[in-house]
$ cat query_8.cif   # mmCIF, C-alpha atoms
data_query
loop_
_atom_site.label_atom_id
_atom_site.label_comp_id
_atom_site.auth_asym_id
_atom_site.auth_seq_id
_atom_site.Cartn_x
_atom_site.Cartn_y
_atom_site.Cartn_z
CA MET O 1 104.34 -30.56 9.85
CA THR O 2 106.27 -28.96 12.74
CA ASN O 3 108.37 -32.10 13.17
CA ILE O 4 109.36 -32.01 9.52
CA LEU O 5 110.49 -28.38 9.79
CA VAL O 6 112.50 -29.11 12.94
CA VAL O 7 114.17 -32.14 11.34
CA SER O 8 114.88 -30.07 8.22
CA LYS O 9 116.49 -27.26 10.27
CA VAL O 10 118.59 -29.75 12.29
CA THR O 11 119.73 -31.45 9.08
CA GLN O 12 120.71 -28.09 7.56
CA LEU O 13 122.61 -27.17 10.72
CA MET O 14 124.43 -30.52 10.74
CA THR O 15 125.27 -30.19 7.05
CA SER O 16 126.63 -26.66 7.45
CA GLN O 17 128.63 -27.71 10.54
CA LEU O 18 129.98 -30.72 8.64
CA LEU O 19 130.97 -28.63 5.62
CA ALA O 20 132.55 -25.99 7.84
CA ALA O 21 134.53 -28.70 9.62
CA ILE O 22 135.97 -30.16 6.43
CA SER O 23 136.56 -26.81 4.71
CA SER O 24 139.97 -26.27 6.34
CA PRO O 25 142.97 -27.79 4.52
CA ARG O 26 144.46 -28.82 7.88
CA ARG O 27 141.31 -30.64 8.93
CA GLN O 28 141.07 -32.27 5.50
CA GLU O 29 144.61 -33.57 5.94
CA ILE O 30 143.83 -34.89 9.44
CA LEU O 31 140.66 -36.53 8.12
CA ARG O 32 142.65 -38.09 5.25
CA LEU O 33 145.13 -39.56 7.72
CA LEU O 34 142.29 -40.92 9.89
CA TRP O 35 140.50 -42.32 6.83
CA ARG O 36 143.27 -44.91 6.50
CA GLY O 37 142.81 -46.14 10.06
CA ASP O 38 142.75 -45.28 13.74
CA CYS O 39 145.44 -42.91 14.89
CA ALA O 40 146.62 -41.25 18.10
CA ALA O 41 146.94 -37.47 18.28
CA GLY O 42 150.71 -37.79 18.64
CA ASP O 43 150.89 -39.84 15.44
CA LEU O 44 148.89 -37.20 13.61
CA ARG O 45 151.30 -34.55 14.88
CA ALA O 46 154.26 -36.62 13.68
CA ALA O 47 152.68 -36.87 10.22
CA MET O 48 152.27 -33.06 10.12
CA PRO O 49 155.58 -31.73 11.46
CA ASP O 50 154.95 -28.13 10.42
CA ILE O 51 152.25 -27.52 13.07
CA SER O 52 152.24 -27.84 16.85
CA PHE O 53 150.53 -30.52 18.90
CA GLY O 54 148.14 -27.87 20.23
CA ALA O 55 147.09 -26.95 16.70
CA VAL O 56 146.41 -30.61 15.88
CA SER O 57 144.36 -30.88 19.08
CA LEU O 58 142.26 -27.82 18.18
CA GLN O 59 141.57 -29.16 14.69
CA LEU O 60 140.58 -32.54 16.13
CA LYS O 61 138.13 -30.82 18.48
CA VAL O 62 136.39 -29.14 15.53
CA LEU O 63 136.13 -32.49 13.74
CA LEU O 64 134.82 -34.13 16.93
CA ASP O 65 132.20 -31.42 17.45
CA ALA O 66 131.02 -31.87 13.87
CA GLY O 67 130.69 -35.62 14.42
CA VAL O 68 133.16 -36.46 11.67
CA VAL O 69 135.59 -38.28 13.97
CA GLU O 70 135.22 -40.16 17.23
CA ARG O 71 137.64 -40.59 20.12
CA ARG O 72 138.31 -43.44 22.51
CA ALA O 73 140.74 -43.72 25.40
CA GLU O 74 143.45 -46.36 25.57
CA GLY O 75 145.29 -45.72 28.79
CA GLN O 76 146.62 -42.17 28.59
CA ARG O 77 146.40 -42.03 24.80
CA ARG O 78 143.38 -40.83 22.84
CA ILE O 79 142.75 -42.74 19.65
CA TYR O 80 140.78 -41.05 16.87
CA ARG O 81 138.80 -42.68 14.08
CA ALA O 82 137.01 -41.21 11.08
CA ARG O 83 133.25 -41.74 11.07
CA ARG O 84 132.73 -42.49 7.39
CA GLU O 85 128.99 -42.89 7.81
CA ALA O 86 128.72 -39.34 9.18
CA LEU O 87 130.03 -37.94 5.91
CA GLY O 88 127.41 -39.66 3.78
CA VAL O 89 127.87 -38.88 0.08
CA VAL O 90 130.70 -36.47 0.84
CA GLY O 91 132.96 -39.40 1.84
CA PRO O 92 133.40 -40.91 -1.63
CA ALA O 93 133.94 -37.42 -3.07
CA LEU O 94 136.72 -36.83 -0.53
CA GLU O 95 138.32 -40.17 -1.43
CA ARG O 96 138.40 -39.23 -5.11
CA MET O 97 139.83 -35.84 -4.24
CA TRP O 98 142.56 -37.34 -2.03
CA ASP O 99 143.65 -39.64 -4.86
CA ASP O 100 144.05 -36.73 -7.26
CA ALA O 101 147.65 -35.55 -7.72
CA LEU O 102 146.60 -31.99 -8.50
CA TRP O 103 144.70 -31.84 -5.22
CA LYS O 104 147.85 -32.90 -3.37
CA LEU O 105 149.74 -30.00 -4.93
CA LYS O 106 146.91 -27.60 -4.06
CA LEU O 107 146.84 -28.88 -0.47
CA ALA O 108 150.59 -28.37 -0.07
CA ALA O 109 150.26 -24.78 -1.28
CA GLU O 110 147.26 -24.09 1.00
CA LEU O 111 148.98 -25.61 4.01
CA ALA O 112 152.07 -23.48 3.43
CA ASP O 113 149.90 -20.39 2.96
CA SER O 114 147.73 -20.99 6.04
CA ARG O 115 150.63 -21.65 8.41
CA ARG O 116 150.78 -19.24 11.32
CA GLY O 117 153.73 -18.35 13.46
CA PRO O 118 157.39 -18.58 12.63
CA ARG O 119 158.39 -20.66 9.69
CA PRO O 120 160.33 -23.79 10.55
CA ARG O 121 164.01 -23.41 9.93
CA GLU O 122 165.41 -25.31 7.04
CA THR O 123 168.03 -27.71 8.12
CA ARG O 124 171.29 -27.17 6.38
CA PRO O 125 174.27 -29.41 6.68
CA ARG O 126 176.66 -27.91 9.17
CA MET O 127 180.06 -26.93 7.98
CA THR O 128 182.64 -28.48 10.20
CA HIS O 129 185.95 -26.73 10.27
CA THR O 130 188.86 -28.92 10.99
CA ARG O 131 192.06 -27.50 12.27
CA THR O 132 195.14 -28.30 10.36
CA SER O 133 197.95 -29.86 12.22
CA ARG O 134 200.42 -27.19 11.19
CA PRO O 135 202.79 -26.22 13.91
CA ARG O 136 202.05 -22.87 15.31
CA GLN O 137 204.57 -20.23 14.38
CA THR O 138 205.86 -18.19 17.23
CA ARG O 139 207.63 -14.88 17.09
CA PRO O 140 210.95 -14.55 18.71
CA ARG O 141 210.74 -12.69 22.00
CA ARG O 142 212.29 -9.30 22.32
CA GLN O 143 215.16 -9.04 24.57
CA THR O 144 214.95 -6.16 27.00
CA PRO O 145 218.32 -4.40 27.68
#
$ encode --input "query_8.cif" --output "structure tokens"
Amino acid sequence: MTNILVVSKVTQLMTSQLLAAISSPRRQEILRLLWRGDCAAGDLRAAMPDISFGAVSLQLKVLLDAGVVERRAEGQRRIYRARREALGVVGPALERMWDDALWKLKLAAELADSRRGPRPRETRPRMTHTRTSRPRQTRPRRQTP
């Protein structure tokens, strides 16, 4: 009986840690990108240009601690992979959610709302001023007596 209670408590803890890990819109987006295939942290950062590399790294650590993703080393790079089996029945629900267009709109709004720090500057086309080739007019010099 004691073993059953311990297993039950561990399962509840793992489930709550798993749900806490995938509750963040940023982590959901990282998990969605990893769901397609293995990816390096730098590639994840490139896919999410509005956050820093450090922020991506912190989110990956939460997903690693929850057991949702795994990491392997390839030289100096760290390659991450989603552990689909760790999500159990939540995995197919996430896939359906990711395919939903309304969810994509909701995610974009949540990501914009949860962004910390300065907003990225919008790039505007630069106005280039060209000088005309008009000859410069000069004033006649005063003659001193």
$ residues_around --input "query_8.cif" --residues "segment 31-34 of chain O" --least-positions-apart "4" --cutoff "12 Å" --atoms "all atoms listed in the file" --output "ChimeraX atom specification"
/O:21-27,38-41,43-48,56,59-60,62-64,67-71,79-84,87,91-92,94-99,104,107
$ closest_residue --input "query_8.cif" --among "O:Ala20, O:Ala112, O:Ile30, O:Val89" --to "Ala66 of chain O" --atoms "all atoms listed in the file"
O:Ala20
$ atom_distance --input "query_8.cif" --atom1 "atom CA of Leu19 of chain O" --atom2 "atom CA of Arg72 of chain O"
23.6 Å
$ atom_distance --input "query_8.cif" --atom1 "atom CA of Gln76 of chain O" --atom2 "atom CA of Gln28 of chain O"
25.7 Å
$ atom_distance --input "query_8.cif" --atom1 "atom CA of Arg78 of chain O" --atom2 "atom CA of Trp35 of chain O"
16.3 Å
